[in-house]
Amino acid sequence: MSVVQPIPRNGLLWLLVAQVLVILPHLGHLPLWIIGLWLTCATWRVQIFRMRARYPRSWVKAAMMIGTGAGVYLSRGSLIGLDAGAVLLIAAFILKLVEMRSRRDALVLVFLGFFAVVTSYLFNDGLVAGVYSLLPVTALLAAMIGLQQSRVETHPWPTLRLAGSLMLQAVPLMLVLFVFFPRLGPLWSLPQPSDQGVTGLADSMSPGDIAQLSRSGQLAFRASFEGPVPARDALYWRAVTFERFDGRRWSQAARAPASTPPAWTPEGEPLRYSIVMQPSGRPWLYALDVPELAANQAQLMPDFQLQRGRPVDQALLYQVTSWPQAQREPVAPADTLARALQLPLGGNPRSREWAVELRRQHPEPEALVQTLLMHFNRQPYAYTLRPPAVGADIVDGFLFDTRRGFCIHYAGAMTFVLRAAGIPARVVAGYQGGELNPSGNYLSVRQLDAHAWVEYWLQGRGWVSVDPTFQVAPERIELGLEEALADEQDLFEGTPMDLRRYRQIGWLNELRFGWDSLNYGWQRWVLGYQGERQLDLLRSVFGKLDGGRLGLIMVVVGAAFVLLLAVVLLKPWKRERDPQQRLFRRFERALARRGVTRARGEGARDFAERAARALPDAAEPIRSFAHGYERLRYRGESDALPALHRSLAQLKRQLGWGRRR
């Protein structure tokens with residue numbers, strides 16, 4: 001019958017501390033009753049330790065499990081999926097606290113804690129979350145150390161220092177594994193939790209949607225160029241193309257999954273840059289026209305947007321080369337042009353009549369486009385996030401009545417008129433501009449930079465981009481939305497803790513840029529350190545090698561480092577420097593060969609007496625060795641050393657040690 005080892009006080013203390021630290025980053029996506037569950041279980045556990053409460057009976061544990069499962073189902077609507085799974089994991093981590101009876105049970109709780117720390121990265125993988133995770137990991141290590149201590153050990157701080165020391169010793173190995181261990185995919189990646197709403201462009205949009213989006217300061221992506229950053233008015237980041245209009249909303253047109261990439265011809269100097277994109281929940285990537293990805297991470301669709309096979313649910317790093325002056329599809333397929341001419345059967349009669357009149361006056365498409373742009377520039381149109389309401393005919397109401405709107409109003413109205421005039425056109429939604437961070441020389445593009453512009457098609461020339469918003473509010477393109485709408489600053493979202501609200505204060509603005517640069521570095525070199533980036537770094541160190549040789553070098557370097565680390569930590573050269581102890585180890589090995597082994601904690605005299613009774617033929621040299629060892633070890637009588645060697649030699653002869661049997 002095995003003896004149940006009780007849980008030491010130090011181990012329980014650090015278990016409770018570790019649970020608090022593990023649960024804290026999960027609170028944003030946990031139901032509030034989890035807090036009550038932990039308080040109940042923690043109080044119960046402490047009372048058990050103080051012998052003022054009993055362990056829960058089987059029926060109580062069953063009731064707690066059923067109640068917890070019901071709570072998860074009621075709060076999450078399911079017991080399956082990342083949301084429900086995270087709640088179930090934390091609930092099990094808490095319930096195990098009152099159920100554990102032994103150190104073995106406590107170790108299970110510790111391992112659950114390590115797993116819970118890892119799952120927190122699925123919800124927040126930022127720099128702060130990464131640094132914070134060191135706290136619960138250290139506390140869990142302290143709990144493991146405390147579980148091995150005696151019940152009389154009550155000082156928690158030495159335990160914490162030892163745990164911190166172990167963490168520091170593990171850092172070199174962690175770095176080696178991070179740099180050299182092959183990457184088959186992201187460090188952590190699961191579908192975006194349903195309760196973690198993602199702000200961004202959608203696959204359909206009305207004027208009110210993009211206006212609301214442009215009030216958010218949430219980050220969309222960061223872009224870093226290899227050379228100089230292009231001028232702001234050249235930064236049109238394409239996201240999605242809207243080709244279908246139902247009279248109220250613009251949306252993507254349906255197309256076959258295996259669409260043929262469009263034809264285009266590179267012209268001019270290319271731009272090379274990298275993007276760290278925030279989770280969007282959508283499959284498209286952001287890029288300047290015309291984009292080409294270095295690692296085949298996405299497909300160029302017929303409308304020139306980049307699209308992945310699955311949505312972007314985690315921060316994504318990708319390398320792009322763009323040709324802004326490229327000629328795009330000089331000869332377009334018939335189905336593409338048909339989609340770019342689609343209009344509802346009725347509605348907006350004044351805009352249709354105006355389009356026919358414009359086409360009669362300007363038969364050449366380019367001339368008609370320039371006339372439209374000049375119309376927006378010279379007539380009293382206004383750019384605002386507070387457009388007045390219009391009736392059922394939203395294009396007519398905007399063009400001829402209110403004349404006040406946002407970028408999607410201008411892009412949508414111009415596209416409608418061009419189509420009504422027989423010129424293929426479409427709306428492109430994405431982002432325009434970005435804030436330059438001087439400390440890192442990269443652009444931060446936010447949701448408030450959301451923008452819409454127009455593409456129209458010319459025979460022999462292809463798709464041409466124009467921006468009617470520039471004719472009304474050039475400061476929107478040259479300075480940014482916040483500068484263009486300085487009188488409407490109350491519409492922009494932001495908490496008092498958002499440092500962007502205090503851009504006019506120099507040192508706070510520098511602090512904001514510095515912190516943003518740190519987060520960008522974390523995303524590029526930690527979260528974005530995947531296959532291609534890892535190979536590029538290793539090849540820069542070891543030269544241009546094929547995958548097999550590079551893998552072999554990685555294995556050899558990793559093994560050599562692990563061996564060196566083991567030598568440094570274990571310090572084999574420091575073992576058994578004591579000559580007296582070496583002699584006693586030889587004495588133990590000699591007796592062990594005859595089946596007599598020393599018990600843990602057994603003293604030299606007791607061990608010798610037990611061995612003498614077990615081996616009566618060798619009793620004399622055994623007792624003689626033990627007596628000499630005590631004289632030498634505890635009395636300091638150095639003249640006993642020769643007698644100790646003689647006793648050991650006599651013992652080996654009598655036991656036949658070293659002879660063939």
# chains A, B, ... in the order shown; residues from 1 in each chain; ligands from 1
>>> residues_around(residues="A:Trp522", least_positions_apart="5", cutoff="9 Å", atoms="only C-alpha atoms", output="PyMOL selection string")
chain A and resi 126-127+517+527-528
>>> select_by_dssp(residues="stretch 358-446 of chain A", states="strand (DSSP E or B)", output="count of residues only")
20
>>> closest_residue(among="A:Ser274, A:Ala340, A:Asn10, A:Glu364", to="A:Val320", atoms="only C-alpha atoms")
A:Ser274
>>> closest_residue(among="A:Gln370, A:Gln650, A:Asn509, A:Gln447", to="A:Asp467", atoms="only C-alpha atoms")
A:Gln370
>>> closest_residue(among="A:Val276, A:Ala129, A:Ala234, A:Ala590", to="A:Leu219", atoms="only C-alpha atoms")
A:Val276
>>> closest_atom_pairs(of="stretch 413-442 of chain A", to="stretch 388-406 of chain A", cutoff="9 Å", atoms="only C-alpha atoms", output="tab-separated table")
residue	atom	partner	partner_atom	distance
A:Ala413	CA	A:Val395	CA	5.5
A:Phe416	CA	A:Val395	CA	7.8
A:Val417	CA	A:Val395	CA	8.9
>>> atom_distance(atom1="atom CA of A:Leu16", atom2="atom CA of A:Ala70")
25.2 Å
>>> closest_residue(among="A:Val369, A:Ala382, A:Val128, A:Leu591", to="A:Val464", atoms="only C-alpha atoms")
A:Val369
>>> select_by_dssp(residues="stretch 230-458 of chain A", states="alpha helix (DSSP H)", output="CSV table (one decimal) with all heavy atoms, in the first residue's frame")
chain,number,residue,atom,x,y,z
A,334,ALA,N,-14.4,38.9,-71.3
A,334,ALA,CA,-15.7,39.4,-71.4
A,334,ALA,C,-16.5,39.4,-70.1
A,334,ALA,O,-17.2,40.3,-69.8
A,334,ALA,CB,-16.4,38.7,-72.5
A,335,ASP,N,-16.3,38.3,-69.3
A,335,ASP,CA,-17.0,38.2,-68.0
A,335,ASP,C,-16.6,39.3,-67.0
A,335,ASP,O,-17.4,39.8,-66.3
A,335,ASP,CB,-16.9,36.8,-67.4
A,335,ASP,CG,-15.5,36.5,-67.2
A,335,ASP,OD1,-14.5,37.0,-67.8
A,335,ASP,OD2,-15.2,35.6,-66.3
A,336,THR,N,-15.3,39.6,-67.1
A,336,THR,CA,-14.8,40.7,-66.2
A,336,THR,C,-15.4,42.0,-66.5
A,336,THR,O,-15.9,42.8,-65.7
A,336,THR,CB,-13.3,40.8,-66.3
A,336,THR,OG1,-12.7,39.6,-65.9
A,336,THR,CG2,-12.7,41.9,-65.4
A,337,LEU,N,-15.5,42.3,-67.8
A,337,LEU,CA,-16.1,43.6,-68.3
A,337,LEU,C,-17.6,43.6,-68.0
A,337,LEU,O,-18.2,44.7,-67.6
A,337,LEU,CB,-15.9,43.8,-69.8
A,337,LEU,CG,-14.4,44.0,-70.2
A,337,LEU,CD1,-14.3,44.2,-71.6
A,337,LEU,CD2,-13.7,45.1,-69.4
A,338,ALA,N,-18.3,42.4,-68.1
A,338,ALA,CA,-19.7,42.4,-67.8
A,338,ALA,C,-20.0,42.7,-66.4
A,338,ALA,O,-20.9,43.4,-66.0
A,338,ALA,CB,-20.2,41.0,-68.2
A,339,ARG,N,-19.1,42.1,-65.5
A,339,ARG,CA,-19.3,42.4,-64.0
A,339,ARG,C,-19.1,43.9,-63.8
A,339,ARG,O,-19.7,44.5,-62.8
A,339,ARG,CB,-18.3,41.6,-63.2
A,339,ARG,CG,-18.7,40.1,-63.1
A,339,ARG,CD,-17.9,39.4,-62.0
A,339,ARG,NE,-16.5,39.6,-62.2
A,339,ARG,CZ,-15.7,38.7,-62.8
A,339,ARG,NH1,-16.3,37.6,-63.4
A,339,ARG,NH2,-14.4,38.8,-62.9
A,349,PRO,N,-32.7,57.6,-61.4
A,349,PRO,CA,-32.9,58.0,-62.8
A,349,PRO,C,-32.1,59.3,-63.2
A,349,PRO,O,-31.6,59.4,-64.3
A,349,PRO,CB,-34.4,58.3,-62.8
A,349,PRO,CG,-34.8,58.6,-61.4
A,349,PRO,CD,-33.9,57.7,-60.6
A,350,ARG,N,-32.0,60.3,-62.3
A,350,ARG,CA,-31.2,61.5,-62.6
A,350,ARG,C,-29.8,61.2,-62.9
A,350,ARG,O,-29.2,61.7,-63.9
A,350,ARG,CB,-31.3,62.5,-61.5
A,350,ARG,CG,-32.7,63.1,-61.4
A,350,ARG,CD,-32.7,64.2,-60.3
A,350,ARG,NE,-32.6,63.7,-59.0
A,350,ARG,CZ,-32.5,64.4,-57.9
A,350,ARG,NH1,-32.4,65.8,-58.0
A,350,ARG,NH2,-32.4,63.9,-56.7
A,351,SER,N,-29.1,60.3,-62.2
A,351,SER,CA,-27.8,59.9,-62.4
A,351,SER,C,-27.6,59.2,-63.8
A,351,SER,O,-26.7,59.4,-64.5
A,351,SER,CB,-27.2,59.0,-61.3
A,351,SER,OG,-27.3,59.7,-60.1
A,352,ARG,N,-28.6,58.3,-64.1
A,352,ARG,CA,-28.5,57.6,-65.4
A,352,ARG,C,-28.7,58.6,-66.5
A,352,ARG,O,-27.9,58.5,-67.6
A,352,ARG,CB,-29.7,56.6,-65.4
A,352,ARG,CG,-29.5,55.4,-64.4
A,352,ARG,CD,-30.7,54.5,-64.5
A,352,ARG,NE,-30.7,53.5,-63.4
A,352,ARG,CZ,-30.2,52.3,-63.5
A,352,ARG,NH1,-29.7,51.9,-64.6
A,352,ARG,NH2,-30.3,51.5,-62.4
A,353,GLU,N,-29.6,59.5,-66.4
A,353,GLU,CA,-29.7,60.5,-67.5
A,353,GLU,C,-28.5,61.4,-67.7
A,353,GLU,O,-28.1,61.7,-68.8
A,353,GLU,CB,-31.0,61.4,-67.2
A,353,GLU,CG,-32.3,60.7,-67.3
A,353,GLU,CD,-33.4,61.6,-66.8
A,353,GLU,OE1,-33.2,62.8,-66.6
A,353,GLU,OE2,-34.6,61.0,-66.7
A,354,TRP,N,-27.9,61.8,-66.5
A,354,TRP,CA,-26.7,62.6,-66.6
A,354,TRP,C,-25.5,61.8,-67.2
A,354,TRP,O,-24.8,62.3,-68.0
A,354,TRP,CB,-26.3,63.0,-65.2
A,354,TRP,CG,-25.2,64.0,-65.1
A,354,TRP,CD1,-24.9,65.0,-65.9
A,354,TRP,CD2,-24.1,64.0,-64.2
A,354,TRP,NE1,-23.8,65.7,-65.6
A,354,TRP,CE2,-23.2,65.1,-64.5
A,354,TRP,CE3,-23.7,63.1,-63.1
A,354,TRP,CZ2,-22.1,65.3,-63.8
A,354,TRP,CZ3,-22.6,63.4,-62.4
A,354,TRP,CH2,-21.8,64.5,-62.7
A,355,ALA,N,-25.4,60.5,-66.9
A,355,ALA,CA,-24.4,59.7,-67.5
A,355,ALA,C,-24.5,59.6,-69.0
A,355,ALA,O,-23.6,59.7,-69.8
A,355,ALA,CB,-24.4,58.3,-66.9
A,356,VAL,N,-25.8,59.4,-69.5
A,356,VAL,CA,-26.0,59.4,-71.0
A,356,VAL,C,-25.6,60.7,-71.6
A,356,VAL,O,-25.0,60.7,-72.7
A,356,VAL,CB,-27.5,59.0,-71.2
A,356,VAL,CG1,-27.8,59.1,-72.7
A,356,VAL,CG2,-27.8,57.6,-70.7
A,357,GLU,N,-26.0,61.8,-71.0
A,357,GLU,CA,-25.6,63.1,-71.5
A,357,GLU,C,-24.1,63.3,-71.5
A,357,GLU,O,-23.5,63.9,-72.5
A,357,GLU,CB,-26.3,64.2,-70.7
A,357,GLU,CG,-25.9,65.6,-71.1
A,357,GLU,CD,-26.4,66.0,-72.5
A,357,GLU,OE1,-27.3,65.3,-73.0
A,357,GLU,OE2,-25.9,66.9,-73.1
A,358,LEU,N,-23.4,62.9,-70.5
A,358,LEU,CA,-21.9,63.0,-70.4
A,358,LEU,C,-21.3,62.2,-71.5
A,358,LEU,O,-20.3,62.6,-72.2
A,358,LEU,CB,-21.4,62.6,-69.1
A,358,LEU,CG,-21.6,63.5,-67.9
A,358,LEU,CD1,-21.2,62.8,-66.6
A,358,LEU,CD2,-20.9,64.8,-68.1
A,359,ARG,N,-21.8,61.0,-71.8
A,359,ARG,CA,-21.2,60.2,-72.8
A,359,ARG,C,-21.5,60.8,-74.2
A,359,ARG,O,-20.6,60.6,-75.1
A,359,ARG,CB,-21.8,58.7,-72.7
A,359,ARG,CG,-21.1,57.8,-73.7
A,359,ARG,CD,-19.6,57.7,-73.2
A,359,ARG,NE,-18.8,56.9,-74.1
A,359,ARG,CZ,-18.5,55.6,-74.0
A,359,ARG,NH1,-18.9,55.0,-72.9
A,359,ARG,NH2,-17.7,55.0,-74.8
A,360,ARG,N,-22.6,61.4,-74.4
A,360,ARG,CA,-22.9,62.1,-75.6
A,360,ARG,C,-21.9,63.2,-75.9
A,360,ARG,O,-21.4,63.4,-77.0
A,360,ARG,CB,-24.3,62.6,-75.7
A,360,ARG,CG,-24.8,63.1,-77.0
A,360,ARG,CD,-26.1,63.7,-76.9
A,360,ARG,NE,-26.2,64.9,-76.1
A,360,ARG,CZ,-25.7,66.1,-76.4
A,360,ARG,NH1,-25.2,66.3,-77.6
A,360,ARG,NH2,-25.8,67.1,-75.5
A,361,GLN,N,-21.6,64.0,-74.8
A,361,GLN,CA,-20.7,65.1,-74.9
A,361,GLN,C,-19.2,64.7,-75.0
A,361,GLN,O,-18.4,65.3,-75.6
A,361,GLN,CB,-20.9,66.1,-73.7
A,361,GLN,CG,-22.3,66.7,-73.6
A,361,GLN,CD,-22.4,67.5,-72.4
A,361,GLN,OE1,-21.5,67.7,-71.6
A,361,GLN,NE2,-23.6,68.1,-72.2
A,365,PRO,N,-13.7,57.7,-73.2
A,365,PRO,CA,-13.8,57.4,-71.8
A,365,PRO,C,-12.9,58.3,-70.9
A,365,PRO,O,-13.3,58.8,-69.9
A,365,PRO,CB,-13.4,56.0,-71.7
A,365,PRO,CG,-13.7,55.4,-73.0
A,365,PRO,CD,-13.4,56.5,-74.0
A,366,GLU,N,-11.7,58.6,-71.4
A,366,GLU,CA,-10.8,59.4,-70.6
A,366,GLU,C,-11.3,60.8,-70.4
A,366,GLU,O,-11.2,61.4,-69.3
A,366,GLU,CB,-9.4,59.4,-71.2
A,366,GLU,CG,-8.4,58.4,-70.7
A,366,GLU,CD,-7.0,58.6,-71.2
A,366,GLU,OE1,-6.8,58.5,-72.4
A,366,GLU,OE2,-6.1,58.9,-70.4
A,367,ALA,N,-11.9,61.4,-71.4
A,367,ALA,CA,-12.4,62.7,-71.3
A,367,ALA,C,-13.6,62.7,-70.4
A,367,ALA,O,-13.8,63.7,-69.6
A,367,ALA,CB,-12.8,63.2,-72.7
A,368,LEU,N,-14.4,61.7,-70.4
A,368,LEU,CA,-15.6,61.7,-69.5
A,368,LEU,C,-15.1,61.6,-68.1
A,368,LEU,O,-15.7,62.2,-67.2
A,368,LEU,CB,-16.5,60.5,-69.9
A,368,LEU,CG,-17.9,60.4,-69.3
A,368,LEU,CD1,-18.9,59.7,-70.2
A,368,LEU,CD2,-17.9,59.7,-67.9
A,369,VAL,N,-14.1,60.7,-67.8
A,369,VAL,CA,-13.6,60.6,-66.5
A,369,VAL,C,-13.1,61.9,-66.0
A,369,VAL,O,-13.3,62.3,-64.8
A,369,VAL,CB,-12.5,59.5,-66.4
A,369,VAL,CG1,-11.8,59.5,-65.1
A,369,VAL,CG2,-13.1,58.1,-66.7
A,370,GLN,N,-12.3,62.6,-66.8
A,370,GLN,CA,-11.8,63.9,-66.4
A,370,GLN,C,-12.9,64.9,-66.1
A,370,GLN,O,-12.8,65.8,-65.2
A,370,GLN,CB,-10.8,64.5,-67.4
A,370,GLN,CG,-9.5,63.7,-67.6
A,370,GLN,CD,-8.8,63.6,-66.2
A,370,GLN,OE1,-8.6,64.6,-65.5
A,370,GLN,NE2,-8.3,62.4,-65.9
A,371,THR,N,-14.0,64.9,-66.9
A,371,THR,CA,-15.1,65.8,-66.7
A,371,THR,C,-15.7,65.5,-65.3
A,371,THR,O,-16.1,66.4,-64.6
A,371,THR,CB,-16.1,65.6,-67.8
A,371,THR,OG1,-15.5,65.9,-69.0
A,371,THR,CG2,-17.3,66.5,-67.6
A,372,LEU,N,-15.9,64.2,-65.0
A,372,LEU,CA,-16.5,63.8,-63.7
A,372,LEU,C,-15.6,64.3,-62.5
A,372,LEU,O,-16.1,64.9,-61.5
A,372,LEU,CB,-16.6,62.3,-63.6
A,372,LEU,CG,-17.9,61.7,-64.0
A,372,LEU,CD1,-17.9,60.2,-63.9
A,372,LEU,CD2,-19.1,62.2,-63.1
A,373,LEU,N,-14.3,64.1,-62.7
A,373,LEU,CA,-13.4,64.6,-61.6
A,373,LEU,C,-13.4,66.1,-61.4
A,373,LEU,O,-13.4,66.6,-60.3
A,373,LEU,CB,-11.9,64.1,-61.9
A,373,LEU,CG,-11.7,62.6,-61.9
A,373,LEU,CD1,-10.3,62.3,-62.3
A,373,LEU,CD2,-12.0,62.1,-60.5
A,374,MET,N,-13.5,66.8,-62.6
A,374,MET,CA,-13.6,68.3,-62.5
A,374,MET,C,-14.9,68.7,-61.9
A,374,MET,O,-15.0,69.7,-61.2
A,374,MET,CB,-13.4,68.9,-63.9
A,374,MET,CG,-12.0,68.7,-64.4
A,374,MET,SD,-10.7,69.4,-63.3
A,374,MET,CE,-11.1,71.1,-63.3
A,375,HIS,N,-15.9,67.9,-62.1
A,375,HIS,CA,-17.2,68.3,-61.5
A,375,HIS,C,-17.2,68.2,-60.0
A,375,HIS,O,-17.7,69.1,-59.3
A,375,HIS,CB,-18.3,67.3,-62.1
A,375,HIS,CG,-19.6,67.4,-61.4
A,375,HIS,ND1,-20.5,68.4,-61.8
A,375,HIS,CD2,-20.2,66.7,-60.4
A,375,HIS,CE1,-21.6,68.3,-61.0
A,375,HIS,NE2,-21.5,67.2,-60.2
A,376,PHE,N,-16.5,67.2,-59.5
A,376,PHE,CA,-16.4,67.1,-58.0
A,376,PHE,C,-15.5,68.2,-57.5
A,376,PHE,O,-15.7,68.7,-56.4
A,376,PHE,CB,-15.8,65.7,-57.7
A,376,PHE,CG,-16.7,64.5,-57.8
A,376,PHE,CD1,-16.4,63.4,-58.5
A,376,PHE,CD2,-18.0,64.6,-57.2
A,376,PHE,CE1,-17.2,62.4,-58.7
A,376,PHE,CE2,-18.9,63.5,-57.4
A,376,PHE,CZ,-18.5,62.4,-58.1
A,377,ASN,N,-14.6,68.6,-58.3
A,377,ASN,CA,-13.6,69.6,-57.8
A,377,ASN,C,-14.2,71.0,-57.8
A,377,ASN,O,-14.0,71.8,-56.9
A,377,ASN,CB,-12.4,69.6,-58.7
A,377,ASN,CG,-11.3,70.6,-58.3
A,377,ASN,OD1,-11.3,71.7,-58.8
A,377,ASN,ND2,-10.5,70.3,-57.3
A,378,ARG,N,-15.1,71.3,-58.8
A,378,ARG,CA,-15.6,72.7,-58.9
A,378,ARG,C,-16.9,72.9,-58.3
A,378,ARG,O,-17.2,74.1,-58.0
A,378,ARG,CB,-15.6,73.0,-60.4
A,378,ARG,CG,-14.2,73.1,-61.1
A,378,ARG,CD,-14.3,73.3,-62.6
A,378,ARG,NE,-12.9,73.4,-63.1
A,378,ARG,CZ,-12.7,73.6,-64.4
A,378,ARG,NH1,-13.7,73.6,-65.3
A,378,ARG,NH2,-11.4,73.6,-64.9
A,394,ILE,N,-29.9,56.6,-53.5
A,394,ILE,CA,-28.8,57.2,-52.8
A,394,ILE,C,-27.8,57.9,-53.7
A,394,ILE,O,-27.2,58.9,-53.2
A,394,ILE,CB,-28.0,56.1,-51.9
A,394,ILE,CG1,-27.4,55.0,-52.8
A,394,ILE,CG2,-29.0,55.4,-50.9
A,394,ILE,CD1,-26.5,54.0,-52.0
A,395,VAL,N,-27.6,57.4,-54.9
A,395,VAL,CA,-26.7,58.1,-55.8
A,395,VAL,C,-27.2,59.5,-56.2
A,395,VAL,O,-26.5,60.5,-56.2
A,395,VAL,CB,-26.3,57.2,-57.0
A,395,VAL,CG1,-25.4,58.0,-58.0
A,395,VAL,CG2,-25.7,55.9,-56.6
A,396,ASP,N,-28.5,59.5,-56.6
A,396,ASP,CA,-29.2,60.8,-57.0
A,396,ASP,C,-29.1,61.7,-55.8
A,396,ASP,O,-28.8,62.9,-55.9
A,396,ASP,CB,-30.6,60.5,-57.4
A,396,ASP,CG,-30.7,60.0,-58.8
A,396,ASP,OD1,-29.6,59.8,-59.4
A,396,ASP,OD2,-31.8,59.7,-59.3
A,407,CYS,N,-15.6,59.0,-48.6
A,407,CYS,CA,-14.9,58.5,-49.8
A,407,CYS,C,-15.8,57.5,-50.5
A,407,CYS,O,-15.8,57.5,-51.8
A,407,CYS,CB,-13.6,57.9,-49.4
A,407,CYS,SG,-13.7,56.5,-48.2
A,408,ILE,N,-16.5,56.6,-49.8
A,408,ILE,CA,-17.4,55.6,-50.5
A,408,ILE,C,-18.5,56.3,-51.2
A,408,ILE,O,-19.0,55.8,-52.3
A,408,ILE,CB,-17.9,54.6,-49.5
A,408,ILE,CG1,-18.6,53.4,-50.2
A,408,ILE,CG2,-18.8,55.2,-48.4
A,408,ILE,CD1,-17.7,52.6,-51.0
A,409,HIS,N,-19.0,57.5,-50.8
A,409,HIS,CA,-20.0,58.2,-51.5
A,409,HIS,C,-19.5,58.6,-52.9
A,409,HIS,O,-20.1,58.4,-53.9
A,409,HIS,CB,-20.5,59.4,-50.7
A,409,HIS,CG,-21.2,59.2,-49.5
A,409,HIS,ND1,-20.6,58.9,-48.3
A,409,HIS,CD2,-22.6,59.1,-49.3
A,409,HIS,CE1,-21.5,58.7,-47.4
A,409,HIS,NE2,-22.7,58.8,-47.9
A,410,TYR,N,-18.3,59.2,-52.9
A,410,TYR,CA,-17.7,59.7,-54.1
A,410,TYR,C,-17.3,58.5,-55.1
A,410,TYR,O,-17.6,58.6,-56.3
A,410,TYR,CB,-16.5,60.5,-53.8
A,410,TYR,CG,-16.9,61.8,-53.1
A,410,TYR,CD1,-16.8,62.0,-51.8
A,410,TYR,CD2,-17.3,62.9,-53.9
A,410,TYR,CE1,-17.1,63.1,-51.1
A,410,TYR,CE2,-17.7,64.1,-53.3
A,410,TYR,CZ,-17.6,64.2,-51.9
A,410,TYR,OH,-18.0,65.4,-51.3
A,411,ALA,N,-16.7,57.5,-54.5
A,411,ALA,CA,-16.3,56.3,-55.3
A,411,ALA,C,-17.5,55.6,-55.9
A,411,ALA,O,-17.5,55.2,-57.1
A,411,ALA,CB,-15.4,55.4,-54.5
A,412,GLY,N,-18.5,55.4,-55.0
A,412,GLY,CA,-19.7,54.7,-55.5
A,412,GLY,C,-20.5,55.5,-56.5
A,412,GLY,O,-20.9,54.9,-57.5
A,413,ALA,N,-20.6,56.8,-56.3
A,413,ALA,CA,-21.4,57.6,-57.3
A,413,ALA,C,-20.6,57.7,-58.6
A,413,ALA,O,-21.3,57.5,-59.7
A,413,ALA,CB,-21.6,59.0,-56.7
A,414,MET,N,-19.3,57.8,-58.6
A,414,MET,CA,-18.6,57.9,-59.8
A,414,MET,C,-18.6,56.6,-60.6
A,414,MET,O,-18.8,56.6,-61.8
A,414,MET,CB,-17.1,58.3,-59.5
A,414,MET,CG,-16.3,58.5,-60.8
A,414,MET,SD,-14.6,59.1,-60.5
A,414,MET,CE,-14.0,59.3,-62.1
A,415,THR,N,-18.5,55.5,-59.9
A,415,THR,CA,-18.6,54.1,-60.5
A,415,THR,C,-20.0,53.9,-61.1
A,415,THR,O,-20.1,53.4,-62.3
A,415,THR,CB,-18.3,53.0,-59.5
A,415,THR,OG1,-17.0,53.2,-58.9
A,415,THR,CG2,-18.3,51.7,-60.2
A,416,PHE,N,-21.0,54.3,-60.4
A,416,PHE,CA,-22.4,54.2,-61.0
A,416,PHE,C,-22.5,55.0,-62.3
A,416,PHE,O,-23.0,54.5,-63.3
A,416,PHE,CB,-23.4,54.7,-59.9
A,416,PHE,CG,-24.8,54.5,-60.3
A,416,PHE,CD1,-25.5,53.4,-59.9
A,416,PHE,CD2,-25.5,55.4,-61.1
A,416,PHE,CE1,-26.8,53.1,-60.3
A,416,PHE,CE2,-26.8,55.2,-61.5
A,416,PHE,CZ,-27.5,54.1,-61.1
A,417,VAL,N,-22.1,56.3,-62.3
A,417,VAL,CA,-22.2,57.1,-63.5
A,417,VAL,C,-21.4,56.5,-64.6
A,417,VAL,O,-21.8,56.5,-65.8
A,417,VAL,CB,-21.8,58.5,-63.2
A,417,VAL,CG1,-21.7,59.4,-64.4
A,417,VAL,CG2,-22.7,59.2,-62.1
A,418,LEU,N,-20.2,56.0,-64.4
A,418,LEU,CA,-19.3,55.5,-65.4
A,418,LEU,C,-20.0,54.2,-66.0
A,418,LEU,O,-20.0,54.0,-67.3
A,418,LEU,CB,-18.0,55.1,-64.9
A,418,LEU,CG,-17.0,56.3,-64.6
A,418,LEU,CD1,-15.7,55.8,-64.0
A,418,LEU,CD2,-16.7,57.1,-65.8
A,419,ARG,N,-20.6,53.4,-65.2
A,419,ARG,CA,-21.3,52.2,-65.7
A,419,ARG,C,-22.5,52.6,-66.5
A,419,ARG,O,-22.8,52.0,-67.6
A,419,ARG,CB,-21.7,51.3,-64.6
A,419,ARG,CG,-20.5,50.6,-63.9
A,419,ARG,CD,-20.9,49.6,-62.8
A,419,ARG,NE,-19.8,48.9,-62.3
A,419,ARG,CZ,-19.9,47.8,-61.4
A,419,ARG,NH1,-21.1,47.4,-61.1
A,419,ARG,NH2,-18.9,47.2,-61.0
A,420,ALA,N,-23.2,53.6,-66.0
A,420,ALA,CA,-24.4,54.0,-66.8
A,420,ALA,C,-24.0,54.6,-68.1
A,420,ALA,O,-24.8,54.6,-69.0
A,420,ALA,CB,-25.2,55.0,-65.9
>>> closest_residue(among="A:Thr384, A:Ala592, A:Thr241, A:Trp264", to="A:Val427", atoms="only C-alpha atoms")
A:Thr241
>>> closest_residue(among="A:Phe93, A:Trp457, A:Phe304, A:Tyr634", to="A:Ala263", atoms="only C-alpha atoms")
A:Phe304
>>> atom_distance(atom1="atom CA of A:Val117", atom2="atom CA of A:Val137")
7.6 Å
>>> residues_around(residues="A:Pro262", least_positions_apart="4", cutoff="7 Å", atoms="only C-alpha atoms", output="compact mmCIF listing (two decimals) with N, CA, C and O atoms, in the first residue's frame")
# COMPACT_ATOMS: atom_id res chain seq x y z
N MET A 301 -5.99 37.42 -57.52
CA MET A 301 -7.30 37.16 -58.08
C MET A 301 -7.52 37.99 -59.35
O MET A 301 -6.76 38.93 -59.64
N PRO A 302 -8.57 37.68 -60.14
CA PRO A 302 -8.81 38.43 -61.38
C PRO A 302 -9.02 39.93 -61.18
O PRO A 302 -8.81 40.70 -62.13
N PHE A 304 -7.22 41.69 -59.09
CA PHE A 304 -5.92 42.18 -58.61
C PHE A 304 -5.83 42.26 -57.09
O PHE A 304 -4.93 42.91 -56.56
N GLU A 329 -4.07 44.35 -67.39
CA GLU A 329 -5.11 43.75 -68.21
C GLU A 329 -5.54 44.64 -69.37
O GLU A 329 -6.69 45.09 -69.44
